[in-house]
Amino acid sequence: MTPFWKHIETALQERKITEAELSKRIGLTQASITGWKLRDAIPRADIAYNTAKALNTTVEYLMEGIDTREHLGYEFIVPVLNQELSAGSGSLLPEQDVIKGLVSLPYFLREYGNKIAGLYVHGDSMSPTLEDGDLVICSSAGWDNEEGIYAVRFNGNGYVKRIQVGAGKIIIRSDNPRYEPIEEPAESENFSIIGKVLLVIKKI
């Protein structure tokens, strides 16, 4: 059983609440909760947040056993997807997003609603800006008309790179000088921008 469900069981016991009562508090059927628990699956971010609220705790506690209720400003919860963005040779992006965890973010990012998610960085091509194992918070809004670090698809793989667009071409840059920039026609079918990197959570 994952820590998420172990911590829910502990919270239920401490508060003397049954799964049936919990399901009523968060507006779900008991069968839904039991189903997730049996599959050892983590529910959507909004359901996890409502579960934590019903148990008078935090998503961070349910995920990691850490209570951060006194850390003001970190109240917005988003999913971490089970895929990596390569800062190197490329990482194949799965056809469907699978949530592997949740992360709390500064409240100002709430304006992006459900259009942001966390993705892990793999490789060293964006070093020292991004290191292997860092977590980047990306939008899904595509190009925002400004140079920056973006999550992109290139030749079927997922990357995190510094992107410049202009003069009919796209320049894909790495912050690590050992990697040469790549140029691609602006109308290339092999390249698309997923969204801009809004925040970097450094690996501890």
# chains A, B, ... in the order shown; residues from 1 in each chain; ligands from 1
$ residues_around --residues "A:Phe108" --least-positions-apart "3" --cutoff "9 Å" --atoms "only C-alpha atoms" --output "list of chain:residue names"
A:Gly73, A:Phe76, A:Leu105, A:Glu111, A:Tyr112
$ residues_around --residues "stretch 13-29 of chain A" --least-positions-apart "4" --cutoff "12 Å" --atoms "only C-alpha atoms" --output "PyMOL selection string"
chain A and resi 5-9+33-37+43+46-57
$ write_last_selection --atoms "N, CA and C atoms" --output "CSV table (one decimal), in the first residue's frame"
chain,number,residue,atom,x,y,z
A,5,TRP,N,-2.4,6.0,1.0
A,5,TRP,CA,-3.5,5.3,1.6
A,5,TRP,C,-3.2,4.9,3.0
A,6,LYS,N,-2.0,4.7,3.3
A,6,LYS,CA,-1.6,4.4,4.7
A,6,LYS,C,-1.9,5.6,5.6
A,7,HIS,N,-1.6,6.8,5.1
A,7,HIS,CA,-1.8,8.0,5.9
A,7,HIS,C,-3.3,8.3,6.0
A,8,ILE,N,-4.1,8.0,5.0
A,8,ILE,CA,-5.6,8.1,5.1
A,8,ILE,C,-6.1,7.2,6.1
A,9,GLU,N,-5.6,5.9,6.2
A,9,GLU,CA,-6.1,5.0,7.2
A,9,GLU,C,-5.7,5.5,8.6
A,33,ILE,N,-14.0,5.2,-3.3
A,33,ILE,CA,-12.8,5.2,-2.4
A,33,ILE,C,-12.2,3.8,-2.3
A,34,THR,N,-13.1,2.8,-2.1
A,34,THR,CA,-12.6,1.4,-1.9
A,34,THR,C,-11.9,1.0,-3.2
A,35,GLY,N,-12.4,1.4,-4.4
A,35,GLY,CA,-11.8,1.0,-5.6
A,35,GLY,C,-10.4,1.6,-5.8
A,36,TRP,N,-10.3,2.9,-5.5
A,36,TRP,CA,-8.9,3.5,-5.6
A,36,TRP,C,-8.0,2.8,-4.6
A,37,LYS,N,-8.5,2.5,-3.4
A,37,LYS,CA,-7.6,1.9,-2.4
A,37,LYS,C,-7.2,0.5,-2.8
A,43,PRO,N,-6.1,9.4,-6.5
A,43,PRO,CA,-7.1,10.1,-7.2
A,43,PRO,C,-6.7,11.4,-7.8
A,46,ASP,N,-7.9,17.3,-7.4
A,46,ASP,CA,-9.0,18.0,-6.7
A,46,ASP,C,-9.7,17.1,-5.6
A,47,ILE,N,-9.8,15.8,-5.9
A,47,ILE,CA,-10.3,14.8,-5.0
A,47,ILE,C,-9.4,14.6,-3.8
A,48,ALA,N,-8.1,14.5,-4.1
A,48,ALA,CA,-7.1,14.4,-3.0
A,48,ALA,C,-7.1,15.6,-2.1
A,49,TYR,N,-7.3,16.8,-2.7
A,49,TYR,CA,-7.4,18.0,-1.9
A,49,TYR,C,-8.6,18.0,-1.0
A,50,ASN,N,-9.8,17.6,-1.6
A,50,ASN,CA,-11.0,17.5,-0.8
A,50,ASN,C,-10.9,16.5,0.3
A,51,THR,N,-10.2,15.4,0.0
A,51,THR,CA,-10.0,14.3,1.0
A,51,THR,C,-9.2,14.8,2.2
A,52,ALA,N,-8.1,15.5,1.9
A,52,ALA,CA,-7.3,16.1,2.9
A,52,ALA,C,-8.1,17.1,3.7
A,53,LYS,N,-8.9,17.9,3.1
A,53,LYS,CA,-9.7,18.9,3.8
A,53,LYS,C,-10.7,18.3,4.7
A,54,ALA,N,-11.3,17.2,4.2
A,54,ALA,CA,-12.3,16.5,5.1
A,54,ALA,C,-11.7,15.8,6.3
A,55,LEU,N,-10.4,15.5,6.2
A,55,LEU,CA,-9.6,14.9,7.3
A,55,LEU,C,-8.9,15.9,8.1
A,56,ASN,N,-9.1,17.2,7.8
A,56,ASN,CA,-8.4,18.3,8.5
A,56,ASN,C,-6.9,18.1,8.5
A,57,THR,N,-6.4,17.8,7.3
A,57,THR,CA,-5.0,17.7,7.1
A,57,THR,C,-4.6,18.3,5.7
$ select_by_dssp --residues "chain A" --states "strand (DSSP E)" --output "VMD selection string"
chain A and resid 74 to 86 91 to 92 99 to 106 116 to 122 135 to 139 148 to 154 157 to 166 169 to 173 182 to 185 191 to 201
$ closest_residue --among "A:Ile163, A:Met126, A:Val152, A:Leu38" --to "A:Asn190" --atoms "only C-alpha atoms"
A:Val152
